[in-house]
file data-v4.tsv (TSV, C-alpha atoms and all ligand atoms)
chain	number	residue	atom	x	y	z
C	43	MET	CA	45.72	-58.03	-72.54
C	44	ALA	CA	43.41	-58.80	-69.60
C	45	ARG	CA	41.39	-55.83	-68.39
C	46	PRO	CA	44.01	-53.98	-66.38
C	47	THR	CA	41.76	-52.88	-63.53
C	48	GLN	CA	42.59	-54.68	-60.30
C	49	ALA	CA	42.74	-54.16	-56.56
C	50	ILE	CA	46.10	-54.84	-54.99
C	51	VAL	CA	45.67	-55.77	-51.32
C	52	ASP	CA	48.86	-55.40	-49.31
C	53	LEU	CA	48.61	-57.79	-46.38
C	54	GLU	CA	51.86	-56.47	-44.90
C	55	ALA	CA	50.23	-53.02	-44.67
C	56	LEU	CA	47.23	-54.72	-43.02
C	57	ARG	CA	49.54	-56.31	-40.45
C	58	HIS	CA	51.31	-52.97	-39.89
C	59	ASN	CA	47.98	-51.28	-39.16
C	60	CYS	CA	46.97	-54.13	-36.90
C	61	ARG	CA	50.18	-53.83	-34.90
C	62	LEU	CA	49.48	-50.11	-34.51
C	63	ALA	CA	45.95	-50.88	-33.30
C	64	ARG	CA	47.28	-53.45	-30.89
C	65	SER	CA	49.81	-51.01	-29.48
C	66	LEU	CA	46.88	-48.77	-28.49
C	67	CYS	CA	45.01	-51.53	-26.66
C	68	GLY	CA	47.26	-51.56	-23.58
C	69	ASP	CA	46.22	-54.59	-21.53
C	70	GLY	CA	43.06	-54.94	-23.57
C	71	ARG	CA	42.49	-57.30	-26.45
C	72	LEU	CA	41.97	-56.51	-30.11
C	73	MET	CA	39.08	-57.77	-32.18
C	74	ALA	CA	39.40	-57.30	-35.95
C	75	VAL	CA	36.18	-56.25	-37.65
C	76	VAL	CA	36.08	-58.14	-40.96
C	77	LYS	CA	32.41	-57.78	-41.85
C	78	ALA	CA	31.32	-56.86	-45.39
C	79	ASN	CA	34.13	-58.88	-46.92
C	80	ALA	CA	36.67	-57.09	-44.69
C	81	TYR	CA	35.45	-53.73	-45.95
C	82	GLY	CA	35.92	-54.95	-49.53
C	83	HIS	CA	39.42	-56.37	-49.06
C	84	GLY	CA	38.46	-60.06	-48.97
C	85	ALA	CA	37.43	-61.44	-45.58
C	86	ILE	CA	39.27	-64.75	-45.82
C	87	PRO	CA	42.72	-63.52	-46.87
C	88	ALA	CA	42.41	-60.56	-44.48
C	89	ALA	CA	41.41	-62.78	-41.55
C	90	LYS	CA	44.18	-65.27	-42.33
C	91	ALA	CA	46.75	-62.48	-42.32
C	92	LEU	CA	45.37	-61.02	-39.10
C	93	GLU	CA	44.71	-64.19	-37.14
C	94	PRO	CA	48.13	-64.39	-35.44
C	95	LEU	CA	47.84	-60.75	-34.33
C	96	VAL	CA	44.31	-60.50	-32.95
C	97	SER	CA	42.29	-62.25	-30.25
C	98	ALA	CA	39.01	-62.52	-32.15
C	99	PHE	CA	37.06	-61.37	-35.19
C	100	ALA	CA	33.76	-59.54	-35.59
C	101	VAL	CA	31.22	-59.85	-38.39
C	102	ALA	CA	27.66	-58.70	-39.01
C	103	CYS	CA	25.93	-62.05	-39.53
C	104	ILE	CA	26.37	-65.79	-39.18
C	105	GLU	CA	26.91	-66.34	-42.92
C	106	GLU	CA	30.05	-64.20	-42.72
C	107	ALA	CA	31.20	-66.15	-39.67
C	108	GLU	CA	30.61	-69.50	-41.38
C	109	ASP	CA	32.66	-68.45	-44.39
C	110	LEU	CA	35.58	-67.69	-42.08
C	111	ARG	CA	35.25	-70.96	-40.15
C	112	ASN	CA	34.95	-72.95	-43.38
C	113	ALA	CA	38.18	-71.30	-44.54
C	114	GLY	CA	40.00	-72.51	-41.42
C	115	ILE	CA	39.83	-69.46	-39.13
C	116	THR	CA	39.88	-70.80	-35.57
C	117	ARG	CA	39.68	-67.67	-33.38
C	118	PRO	CA	36.33	-66.71	-31.83
C	119	ILE	CA	34.05	-64.73	-34.13
C	120	LEU	CA	31.54	-62.27	-32.69
C	121	LEU	CA	28.17	-61.84	-34.43
C	122	MET	CA	27.80	-58.12	-33.78
C	123	GLU	CA	24.07	-57.93	-34.47
C	124	GLY	CA	23.37	-61.19	-32.70
C	125	ILE	CA	21.19	-63.90	-34.14
C	126	PHE	CA	18.47	-63.34	-36.69
C	127	GLN	CA	16.90	-66.79	-36.24
C	128	VAL	CA	16.78	-69.02	-33.19
C	129	GLU	CA	18.53	-71.89	-35.02
C	130	GLU	CA	21.67	-69.77	-35.16
C	131	LEU	CA	22.21	-70.27	-31.42
C	132	GLU	CA	23.07	-73.95	-31.79
C	133	ILE	CA	25.34	-73.20	-34.77
C	134	ALA	CA	27.07	-70.57	-32.62
C	135	ALA	CA	27.51	-73.13	-29.85
C	136	GLN	CA	29.05	-75.67	-32.18
C	137	ARG	CA	31.28	-73.32	-34.14
C	138	ASP	CA	32.45	-71.02	-31.34
C	139	PHE	CA	30.66	-67.93	-32.59
C	140	TRP	CA	30.14	-65.32	-29.91
C	141	VAL	CA	26.75	-63.71	-29.82
C	142	MET	CA	25.90	-60.09	-29.19
C	143	LEU	CA	22.55	-59.88	-27.44
C	144	GLN	CA	20.76	-56.69	-28.36
C	145	ASN	CA	17.03	-57.23	-27.77
C	146	HIS	CA	14.65	-59.06	-25.45
C	147	GLN	CA	13.62	-61.63	-28.07
C	148	GLN	CA	17.24	-62.77	-28.35
C	149	LEU	CA	17.43	-63.10	-24.55
C	150	ASP	CA	14.22	-65.11	-24.44
C	151	ASP	CA	15.44	-67.36	-27.28
C	152	LEU	CA	18.65	-67.95	-25.40
C	153	ASP	CA	16.80	-68.83	-22.20
C	154	ALA	CA	14.52	-71.26	-24.01
C	155	ALA	CA	17.24	-72.99	-26.02
C	156	ALA	CA	18.63	-76.43	-25.23
C	157	LEU	CA	22.17	-75.92	-26.50
C	158	SER	CA	24.79	-78.61	-26.83
C	159	ARG	CA	27.17	-76.30	-24.99
C	160	PRO	CA	27.00	-72.79	-23.51
C	161	ILE	CA	28.01	-69.84	-25.66
C	162	THR	CA	29.98	-66.66	-25.05
C	163	CYS	CA	27.67	-63.66	-25.00
C	164	TRP	CA	28.16	-59.94	-25.26
C	165	LEU	CA	25.47	-57.59	-24.04
C	166	LYS	CA	24.89	-54.56	-26.24
C	167	LEU	CA	24.01	-51.38	-24.37
C	168	ASP	CA	22.75	-48.24	-26.04
C	169	SER	CA	24.78	-45.33	-24.66
C	170	GLY	CA	23.79	-42.84	-27.36
C	171	MET	CA	23.88	-44.41	-30.83
C	172	ARG	CA	20.11	-45.08	-30.65
C	173	ARG	CA	20.36	-48.00	-33.03
C	174	LEU	CA	20.70	-51.27	-31.12
C	175	GLY	CA	20.95	-52.46	-27.57
C	176	PHE	CA	19.41	-52.28	-24.13
C	177	SER	CA	19.15	-49.17	-22.01
C	178	LEU	CA	22.02	-48.53	-19.63
C	179	GLU	CA	19.58	-48.73	-16.72
C	180	GLU	CA	18.86	-52.39	-17.55
C	181	SER	CA	22.51	-53.42	-17.60
C	182	ALA	CA	22.85	-54.77	-14.04
C	183	ASP	CA	19.65	-56.85	-14.16
C	184	LEU	CA	20.39	-58.27	-17.58
C	185	LEU	CA	23.93	-59.16	-16.62
C	186	GLN	CA	22.64	-61.01	-13.58
C	187	ARG	CA	20.12	-62.88	-15.74
C	188	LEU	CA	22.82	-63.91	-18.21
C	189	ARG	CA	25.27	-64.93	-15.52
C	190	ALA	CA	22.60	-67.26	-14.17
C	191	SER	CA	21.83	-68.82	-17.55
C	192	ARG	CA	22.93	-72.38	-18.25
C	193	ASN	CA	23.42	-71.40	-21.89
C	194	VAL	CA	26.02	-68.69	-21.22
C	195	SER	CA	29.71	-69.45	-20.79
C	196	ASP	CA	32.59	-67.32	-19.48
C	197	ASP	CA	31.92	-63.80	-18.40
C	198	VAL	CA	29.57	-61.59	-20.36
C	199	VAL	CA	31.18	-58.62	-22.12
C	200	MET	CA	29.32	-55.34	-21.73
C	201	ALA	CA	29.53	-53.50	-25.05
C	202	THR	CA	28.45	-50.24	-26.54
C	203	HIS	CA	29.11	-48.41	-29.80
C	204	LEU	CA	30.36	-44.85	-30.20
C	205	ALA	CA	28.31	-42.69	-32.54
C	206	ARG	CA	30.52	-39.63	-33.04
C	207	ALA	CA	34.06	-40.64	-32.09
C	208	ASP	CA	35.39	-39.31	-35.42
C	209	GLU	CA	34.50	-35.79	-34.21
C	210	LEU	CA	37.41	-35.11	-31.89
C	211	ASP	CA	36.16	-31.69	-30.82
C	212	ASN	CA	32.68	-32.90	-29.90
C	213	ASP	CA	32.08	-33.92	-26.28
C	214	PHE	CA	29.33	-36.38	-27.24
C	215	THR	CA	31.83	-39.26	-27.06
C	216	ALA	CA	33.07	-38.23	-23.60
C	217	ARG	CA	29.46	-38.21	-22.45
C	218	GLN	CA	28.81	-41.64	-23.98
C	219	ILE	CA	31.91	-43.04	-22.28
C	220	SER	CA	31.03	-41.64	-18.87
C	221	ALA	CA	27.38	-42.78	-19.05
C	222	PHE	CA	28.50	-46.28	-20.03
C	223	ARG	CA	31.07	-46.38	-17.24
C	224	GLU	CA	28.63	-45.07	-14.68
C	225	HIS	CA	26.34	-48.04	-15.33
C	226	THR	CA	28.92	-50.78	-15.82
C	227	SER	CA	32.01	-50.08	-13.70
C	228	ALA	CA	30.61	-51.67	-10.54
C	229	LEU	CA	29.48	-54.83	-12.31
C	230	GLY	CA	32.87	-56.49	-12.59
C	231	ALA	CA	32.34	-57.49	-16.23
C	232	PRO	CA	34.79	-56.94	-19.09
C	233	CYS	CA	33.79	-54.03	-21.33
C	234	SER	CA	34.11	-52.99	-24.98
C	235	MET	CA	33.55	-49.54	-26.40
C	236	ALA	CA	36.27	-48.54	-28.84
C	237	ASN	CA	35.98	-48.72	-32.61
C	238	SER	CA	38.82	-47.25	-34.71
C	239	PRO	CA	38.18	-43.59	-33.88
C	240	GLY	CA	37.71	-44.54	-30.22
C	241	LEU	CA	40.95	-46.49	-30.12
C	242	LEU	CA	42.89	-43.73	-31.88
C	243	GLY	CA	41.30	-40.63	-30.48
C	244	TRP	CA	39.56	-41.39	-27.19
C	245	PRO	CA	41.92	-43.20	-24.78
C	246	ASP	CA	39.17	-43.44	-22.16
C	247	SER	CA	37.19	-45.67	-24.49
C	248	ARG	CA	39.92	-48.33	-24.61
C	249	ASP	CA	39.01	-51.35	-22.52
C	250	ALA	CA	39.17	-55.14	-22.18
C	251	TRP	CA	38.05	-55.55	-25.80
C	252	ASN	CA	38.62	-53.09	-28.65
C	253	ARG	CA	36.92	-53.50	-32.03
C	254	ALA	CA	38.96	-52.06	-34.87
C	255	GLY	CA	37.70	-51.93	-38.43
C	256	VAL	CA	38.55	-49.14	-40.80
C	257	MET	CA	41.97	-48.39	-39.31
C	258	LEU	CA	43.11	-51.92	-40.12
C	259	TYR	CA	42.49	-51.17	-43.77
C	260	GLY	CA	44.62	-48.05	-43.57
C	261	GLN	CA	42.03	-45.28	-43.70
C	262	SER	CA	41.92	-42.64	-41.02
C	263	PRO	CA	38.52	-42.31	-39.36
C	264	PHE	CA	39.19	-38.59	-38.88
C	265	PRO	CA	38.66	-35.80	-41.39
C	266	GLY	CA	41.91	-34.03	-40.44
C	267	PRO	CA	45.49	-34.90	-39.49
C	268	HIS	CA	46.05	-37.11	-36.46
C	269	PRO	CA	49.43	-38.31	-35.12
C	270	GLN	CA	48.60	-42.03	-34.93
C	271	ALA	CA	46.06	-42.24	-37.73
C	272	ASP	CA	48.60	-40.66	-40.05
C	273	GLN	CA	50.88	-43.68	-39.52
C	274	LEU	CA	48.32	-46.02	-41.07
C	275	LYS	CA	49.18	-47.50	-44.46
C	276	PRO	CA	46.48	-47.91	-47.12
C	277	VAL	CA	45.94	-51.61	-47.73
C	278	MET	CA	44.03	-51.46	-51.00
C	279	THR	CA	45.33	-49.91	-54.21
C	280	LEU	CA	42.83	-49.76	-57.04
C	281	GLN	CA	44.82	-49.58	-60.22
C	282	SER	CA	44.32	-49.65	-63.96
C	283	LYS	CA	45.85	-48.34	-67.19
C	284	VAL	CA	45.01	-45.73	-69.81
C	285	ILE	CA	43.25	-47.48	-72.72
C	286	ALA	CA	42.56	-44.51	-75.01
C	287	LEU	CA	43.66	-40.92	-75.57
C	288	ARG	CA	42.00	-38.20	-77.62
C	289	ASP	CA	42.20	-34.48	-78.14
C	290	VAL	CA	39.06	-32.42	-77.72
C	291	ALA	CA	38.60	-28.83	-78.80
C	292	ALA	CA	37.59	-25.99	-76.47
C	293	GLY	CA	33.79	-26.07	-76.17
C	294	GLU	CA	33.45	-29.83	-76.71
C	295	SER	CA	31.96	-31.85	-73.90
C	296	VAL	CA	32.97	-35.30	-72.69
C	297	GLY	CA	30.87	-38.32	-71.72
C	298	TYR	CA	27.21	-38.88	-70.79
C	299	GLY	CA	25.14	-35.76	-70.41
C	300	GLY	CA	27.99	-33.46	-71.39
C	301	ALA	CA	28.77	-33.03	-67.71
C	302	TRP	CA	32.16	-31.47	-68.47
C	303	THR	CA	33.05	-29.08	-71.26
C	304	ALA	CA	36.63	-28.28	-72.27
C	305	ARG	CA	37.58	-24.64	-71.71
C	306	ARG	CA	40.77	-25.10	-73.73
C	307	GLY	CA	42.00	-27.66	-76.23
C	308	SER	CA	42.35	-30.74	-73.93
C	309	ARG	CA	43.79	-34.24	-73.94
C	310	ILE	CA	41.44	-36.82	-72.45
C	311	ALA	CA	42.56	-40.22	-71.22
C	312	THR	CA	40.04	-43.05	-70.84
C	313	ILE	CA	40.46	-45.57	-68.03
C	314	PRO	CA	38.53	-48.86	-67.81
C	315	VAL	CA	36.99	-48.51	-64.35
C	316	GLY	CA	33.48	-47.38	-63.51
C	317	TYR	CA	30.58	-47.80	-61.16
C	318	GLY	CA	30.27	-51.41	-62.40
C	319	ASP	CA	33.52	-51.96	-60.49
C	320	GLY	CA	32.57	-49.92	-57.45
C	321	TYR	CA	34.16	-46.62	-58.46
C	322	PRO	CA	31.59	-44.11	-57.13
C	323	ARG	CA	29.31	-42.79	-59.85
C	324	ASN	CA	28.86	-39.47	-58.11
C	325	ALA	CA	32.60	-38.74	-58.02
C	326	GLY	CA	32.49	-35.30	-59.56
C	327	ASN	CA	34.63	-33.34	-61.98
C	328	GLY	CA	37.97	-32.74	-60.28
C	329	THR	CA	38.13	-36.02	-58.32
C	330	PRO	CA	41.87	-36.79	-58.27
C	331	VAL	CA	43.18	-39.75	-60.27
C	332	VAL	CA	46.88	-40.63	-60.47
C	333	VAL	CA	48.13	-41.13	-64.04
C	334	GLY	CA	51.81	-41.83	-64.60
C	335	GLY	CA	52.45	-40.84	-60.98
C	336	GLN	CA	50.77	-37.41	-61.33
C	337	ARG	CA	47.42	-36.29	-59.98
C	338	VAL	CA	44.98	-35.28	-62.70
C	339	PRO	CA	41.27	-34.40	-62.50
C	340	LEU	CA	38.45	-36.72	-63.44
C	341	VAL	CA	36.27	-35.00	-66.03
C	342	GLY	CA	32.79	-35.97	-67.21
C	343	ARG	CA	30.46	-38.50	-65.71
C	344	VAL	CA	31.60	-41.84	-64.33
C	345	SER	CA	30.18	-44.55	-66.64
C	346	MET	CA	29.54	-48.18	-65.74
C	347	ASP	CA	32.90	-49.36	-67.10
C	348	MET	CA	34.99	-46.25	-67.78
C	349	ILE	CA	36.05	-42.84	-66.57
C	350	THR	CA	37.74	-39.98	-68.38
C	351	VAL	CA	40.48	-37.74	-66.99
C	352	ASP	CA	42.11	-34.55	-68.22
C	353	VAL	CA	45.80	-35.20	-68.97
C	354	THR	CA	46.40	-32.01	-70.96
C	355	ASP	CA	49.20	-31.01	-68.58
C	356	LEU	CA	50.97	-34.38	-68.93
C	357	PRO	CA	52.05	-34.45	-72.58
C	358	ALA	CA	54.18	-37.59	-72.19
C	359	ILE	CA	51.22	-39.83	-71.27
C	360	SER	CA	50.56	-42.68	-73.68
C	361	VAL	CA	48.14	-45.61	-73.90
C	362	GLY	CA	49.13	-48.21	-71.30
C	363	GLU	CA	50.18	-45.60	-68.73
C	364	PRO	CA	49.62	-46.92	-65.18
C	365	VAL	CA	46.74	-45.40	-63.22
C	366	GLU	CA	45.98	-45.40	-59.51
C	367	LEU	CA	42.37	-44.67	-58.57
C	368	TRP	CA	43.16	-44.87	-54.87
C	369	GLY	CA	46.03	-46.13	-52.80
C	370	ASP	CA	49.08	-44.38	-51.40
C	371	THR	CA	48.89	-41.14	-53.39
C	372	VAL	CA	45.15	-40.53	-53.39
C	373	THR	CA	43.39	-42.19	-50.48
C	374	ALA	CA	39.98	-43.83	-50.60
C	375	ASN	CA	38.93	-41.14	-48.11
C	376	GLU	CA	39.93	-38.42	-50.55
C	377	VAL	CA	38.02	-39.98	-53.44
C	378	ALA	CA	35.05	-40.39	-51.11
C	379	SER	CA	35.14	-36.71	-50.20
C	380	HIS	CA	34.55	-35.91	-53.90
C	381	ALA	CA	31.65	-38.35	-54.06
C	382	ASP	CA	29.59	-37.34	-51.03
C	383	SER	CA	30.69	-40.55	-49.37
C	384	ILE	CA	33.19	-41.94	-46.88
C	385	GLY	CA	36.23	-44.17	-47.32
C	386	TYR	CA	34.36	-47.02	-45.57
C	387	GLU	CA	31.75	-47.09	-48.32
C	388	VAL	CA	34.14	-46.58	-51.21
C	389	MET	CA	36.27	-49.57	-50.15
C	390	THR	CA	33.33	-51.78	-49.21
C	391	ARG	CA	31.63	-51.21	-52.54
C	392	MET	CA	34.44	-52.72	-54.58
C	393	LEU	CA	32.56	-55.26	-56.69
C	394	PRO	CA	33.55	-58.87	-57.49
C	395	ARG	CA	34.36	-57.94	-61.11
C	396	VAL	CA	37.57	-56.37	-59.84
C	397	PRO	CA	40.19	-59.07	-59.36
C	398	ARG	CA	42.02	-58.82	-56.04
C	399	ARG	CA	45.74	-59.55	-56.01
C	400	TYR	CA	47.25	-60.18	-52.60
C	401	LEU	CA	50.77	-59.14	-51.62
C	402	GLY	CA	52.55	-60.41	-48.52
C	403	GLN	CA	50.55	-63.63	-48.13
C	501	LIG	C1	29.50	-52.49	-33.43
C	501	LIG	C2	30.70	-52.11	-34.23
C	501	LIG	N1	31.90	-52.13	-33.63
C	501	LIG	C3	33.03	-51.78	-34.29
C	501	LIG	C4	32.98	-51.39	-35.62
C	501	LIG	C5	34.25	-50.98	-36.31
C	501	LIG	O1	34.20	-49.60	-36.59
C	501	LIG	P1	35.43	-48.89	-37.32
C	501	LIG	O2	35.44	-49.42	-38.72
C	501	LIG	O3	35.09	-47.44	-37.27
C	501	LIG	O4	36.64	-49.25	-36.56
C	501	LIG	C6	31.74	-51.35	-36.27
C	501	LIG	C7	31.67	-50.91	-37.66
C	501	LIG	O5	30.75	-50.36	-38.17
C	501	LIG	C8	30.57	-51.72	-35.57
C	501	LIG	O6	29.37	-51.70	-36.14
call {"tool": "encode", "arguments": {"input": "data-v4.tsv", "output": "structure tokens"}}
result
Amino acid sequence: MARPTQAIVDLEALRHNCRLARSLCGDGRLMAVVKANAYGHGAIPAAKALEPLVSAFAVACIEEAEDLRNAGITRPILLMEGIFQVEELEIAAQRDFWVMLQNHQQLDDLDAAALSRPITCWLKLDSGMRRLGFSLEESADLLQRLRASRNVSDDVVMATHLARADELDNDFTARQISAFREHTSALGAPCSMANSPGLLGWPDSRDAWNRAGVMLYGQSPFPGPHPQADQLKPVMTLQSKVIALRDVAAGESVGYGGAWTARRGSRIATIPVGYGDGYPRNAGNGTPVVVGGQRVPLVGRVSMDMITVDVTDLPAISVGEPVELWGDTVTANEVASHADSIGYEVMTRMLPRVPRRYLGQ
């Protein structure tokens, strides 16, 4: 028997989530964020499934963009952090990569370049994230400079990133949106603000371009219930099977460091998944795992290749019983909440050792 741990990636669920995202864009266009291997789902199969539904893709670096182009993706691909080396500008020109400009060096490099054709540029403005981008006060001058450049094609998109849009009761996002609008609305350029929580929770952030990531993969960006986010379908199911069962007496401890001790006579099931697969090592005692369709608690420390769960209350469980680590019943967000993490990280960390099986291709 092959190791039974695998990630099932449901491309129909991905398309469902994408259609939901698109329905929120109004007249605006949707850009699918497929950086970091499409948040662990496999950038190429994800992009191929999404390509008919979206207007463009976004990645973090040119290597990710080249992988998509080499796989036959034809839509524009935005490099969200811009170029890291000046040579990337000519590659962008030739391969239709769009470039986010976020610092003065990148602007100077663009001015100095002799490109074979002009490129589409986005201008990153810092409206409150304090991470990348130009000040809002510079936006009009920089736009004018780019519009005059022989190396810039089409109209420049004015972009910013929301720092706290997952906090629906915090007015920080409303302040970011209004500051961004105050400095860009008179410029006549297309704009882009919304990420997934913006698109779902902050209608005023929707604009000409909307950049959806995590919602495409079926995880809500919000900690609580939300009418639209609750319609998302998880795309990845991490599954495995029970490979061993043993009874431990009250007072015995399980796994490295004796991190869990049985308070009663207990049945322990061992599952071949661990931090060597991307299952978070700091998922604590009590993290839910679905065995034979029932939620049971993880007990003991997560090892590199295995975890142990308490199946005392499920007497019918036997070796070979199917296991879901996350998917429809327990979400990646829920596992993350037991591991001092977020669903984004849990999904993205899925390592290459885990075979991906694609449904709905
Ligand atoms: C600039 C930018 N836009 C959009 C996104 C997508 O965000 P989300 O996954 O929350 O939709 C990201 C992701 O980190 C990003 O860095």
call {"tool": "residues_around", "arguments": {"input": "data-v4.tsv", "residues": "Ile349 (chain C)", "least_positions_apart": "3", "cutoff": "9 Å", "atoms": "only C-alpha atoms", "output": "PyMOL selection string"}}
result
chain C and resi 297+311-316+340-346
call {"tool": "closest_residue", "arguments": {"input": "data-v4.tsv", "among": "C:Leu367, C:Val256, C:Ala78, C:Leu72", "to": "ligand LIG 501 (chain C)", "atoms": "only C-alpha atoms and all ligand atoms"}}
result
C:Val256
call {"tool": "residues_around", "arguments": {"input": "data-v4.tsv", "residues": "region 141-145 of chain C", "least_positions_apart": "4", "cutoff": "7 Å", "atoms": "only C-alpha atoms", "output": "list in words"}}
result
Leu120, Leu121, Met122, Glu123, Gly124, Leu149, Thr162, Cys163, Trp164, Leu165, Lys166, Leu174, Gly175 and Phe176 of chain C
call {"tool": "atom_distance", "arguments": {"input": "data-v4.tsv", "atom1": "CA of Val388 (chain C)", "atom2": "CA of Asn375 (chain C)"}}
result
7.9 Å
call {"tool": "residues_near_ligand", "arguments": {"input": "data-v4.tsv", "ligand": "ligand LIG 501 (chain C)", "cutoff": "7 Å", "atoms": "all atoms listed in the file", "output": "PDB file with C-alpha atoms, in the frame of the given file"}}
result
ATOM      1  CA  VAL C  75      36.180 -56.250 -37.650  1.00  0.00           C
ATOM      2  CA  MET C 122      27.800 -58.120 -33.780  1.00  0.00           C
ATOM      3  CA  HIS C 203      29.110 -48.410 -29.800  1.00  0.00           C
ATOM      4  CA  ASN C 237      35.980 -48.720 -32.610  1.00  0.00           C
ATOM      5  CA  SER C 238      38.820 -47.250 -34.710  1.00  0.00           C
ATOM      6  CA  PRO C 239      38.180 -43.590 -33.880  1.00  0.00           C
ATOM      7  CA  ARG C 253      36.920 -53.500 -32.030  1.00  0.00           C
ATOM      8  CA  ALA C 254      38.960 -52.060 -34.870  1.00  0.00           C
ATOM      9  CA  GLY C 255      37.700 -51.930 -38.430  1.00  0.00           C
ATOM     10  CA  VAL C 256      38.550 -49.140 -40.800  1.00  0.00           C
ATOM     11  CA  MET C 257      41.970 -48.390 -39.310  1.00  0.00           C
ATOM     12  CA  PRO C 263      38.520 -42.310 -39.360  1.00  0.00           C
TER      13      PRO C 263
END
call {"tool": "residues_near_point", "arguments": {"input": "data-v4.tsv", "point": "(37.0, -54.6, -22.7)", "cutoff": "6 Å", "atoms": "all atoms listed in the file", "output": "tab-separated table (two decimals) with C-alpha atoms, in the coordinates of the input"}}
result
chain	number	residue	atom	x	y	z
C	232	PRO	CA	34.79	-56.94	-19.09
C	233	CYS	CA	33.79	-54.03	-21.33
C	234	SER	CA	34.11	-52.99	-24.98
C	249	ASP	CA	39.01	-51.35	-22.52
C	250	ALA	CA	39.17	-55.14	-22.18
C	251	TRP	CA	38.05	-55.55	-25.80
call {"tool": "axis_aligned_box", "arguments": {"input": "data-v4.tsv", "around": "region 117-133 of chain C", "padding_each_side": "3 Å", "output": "lines of an AutoDock Vina configuration file"}}
result
center_x = 28.2
center_y = -65.9
center_z = -34.1
size_x = 28.9
size_y = 22.0
size_z = 11.3
call {"tool": "atom_distance", "arguments": {"input": "data-v4.tsv", "atom1": "CA of His380 (chain C)", "atom2": "CA of Gly328 (chain C)"}}
result
7.9 Å
call {"tool": "closest_residue", "arguments": {"input": "data-v4.tsv", "among": "C:Ala216, C:Ala201, C:Leu210, C:Ile161", "to": "Arg189 (chain C)", "atoms": "only C-alpha atoms"}}
result
C:Ile161
call {"tool": "atom_distance", "arguments": {"input": "data-v4.tsv", "atom1": "CA of Gly402 (chain C)", "atom2": "CA of Arg117 (chain C)"}}
result
21.2 Å
call {"tool": "residues_around", "arguments": {"input": "data-v4.tsv", "residues": "Phe214 (chain C)", "least_positions_apart": "6", "cutoff": "9 Å", "atoms": "all atoms listed in the file", "output": "PyMOL selection string"}}
result
chain C and resi 170+205-207
call {"tool": "residues_around", "arguments": {"input": "data-v4.tsv", "residues": "Ile133 (chain C)", "least_positions_apart": "6", "cutoff": "10 Å", "atoms": "all atoms listed in the file", "output": "ChimeraX atom specification"}}
result
/C:104,108,139,157-158
call {"tool": "write_last_selection", "arguments": {"input": "data-v4.tsv", "atoms": "C-alpha atoms", "output": "JSON list (two decimals), in the coordinates of the input"}}
result
[["chain", "number", "residue", "atom", "x", "y", "z"],
["C", 104, "ILE", "CA", 26.37, -65.79, -39.18],
["C", 108, "GLU", "CA", 30.61, -69.50, -41.38],
["C", 139, "PHE", "CA", 30.66, -67.93, -32.59],
["C", 157, "LEU", "CA", 22.17, -75.92, -26.50],
["C", 158, "SER", "CA", 24.79, -78.61, -26.83]]
call {"tool": "closest_residue", "arguments": {"input": "data-v4.tsv", "among": "C:Leu280, C:Val96, C:Leu356, C:Val332", "to": "Ala74 (chain C)", "atoms": "only C-alpha atoms"}}
result
C:Val96
call {"tool": "build_atoms", "arguments": {"input": "data-v4.tsv", "residues": "region 158-168 of chain C", "atoms": "N, CA and C atoms", "output": "JSON list (two decimals), keeping the file's coordinate frame"}}
result
[["chain", "number", "residue", "atom", "x", "y", "z"],
["C", 158, "SER", "N", 23.87, -77.51, -27.10],
["C", 158, "SER", "CA", 24.79, -78.61, -26.83],
["C", 158, "SER", "C", 25.94, -78.15, -25.93],
["C", 159, "ARG", "N", 26.21, -76.87, -25.94],
["C", 159, "ARG", "CA", 27.17, -76.30, -24.99],
["C", 159, "ARG", "C", 26.87, -74.81, -24.82],
["C", 160, "PRO", "N", 27.29, -74.22, -23.70],
["C", 160, "PRO", "CA", 27.00, -72.79, -23.51],
["C", 160, "PRO", "C", 27.81, -71.92, -24.46],
["C", 161, "ILE", "N", 27.31, -70.72, -24.73],
["C", 161, "ILE", "CA", 28.01, -69.84, -25.66],
["C", 161, "ILE", "C", 28.48, -68.56, -24.95],
["C", 162, "THR", "N", 29.48, -67.94, -25.57],
["C", 162, "THR", "CA", 29.98, -66.66, -25.05],
["C", 162, "THR", "C", 29.07, -65.54, -25.55],
["C", 163, "CYS", "N", 28.61, -64.72, -24.63],
["C", 163, "CYS", "CA", 27.67, -63.66, -25.00],
["C", 163, "CYS", "C", 28.23, -62.28, -24.67],
["C", 164, "TRP", "N", 27.92, -61.35, -25.53],
["C", 164, "TRP", "CA", 28.16, -59.94, -25.26],
["C", 164, "TRP", "C", 26.80, -59.28, -25.11],
["C", 165, "LEU", "N", 26.73, -58.29, -24.25],
["C", 165, "LEU", "CA", 25.47, -57.59, -24.04],
["C", 165, "LEU", "C", 25.62, -56.17, -24.60],
["C", 166, "LYS", "N", 24.78, -55.86, -25.57],
["C", 166, "LYS", "CA", 24.89, -54.56, -26.24],
["C", 166, "LYS", "C", 24.05, -53.53, -25.50],
["C", 167, "LEU", "N", 24.70, -52.46, -25.08],
["C", 167, "LEU", "CA", 24.01, -51.38, -24.37],
["C", 167, "LEU", "C", 24.00, -50.14, -25.24],
["C", 168, "ASP", "N", 22.89, -49.44, -25.21],
["C", 168, "ASP", "CA", 22.75, -48.24, -26.04],
["C", 168, "ASP", "C", 23.12, -47.02, -25.20]]
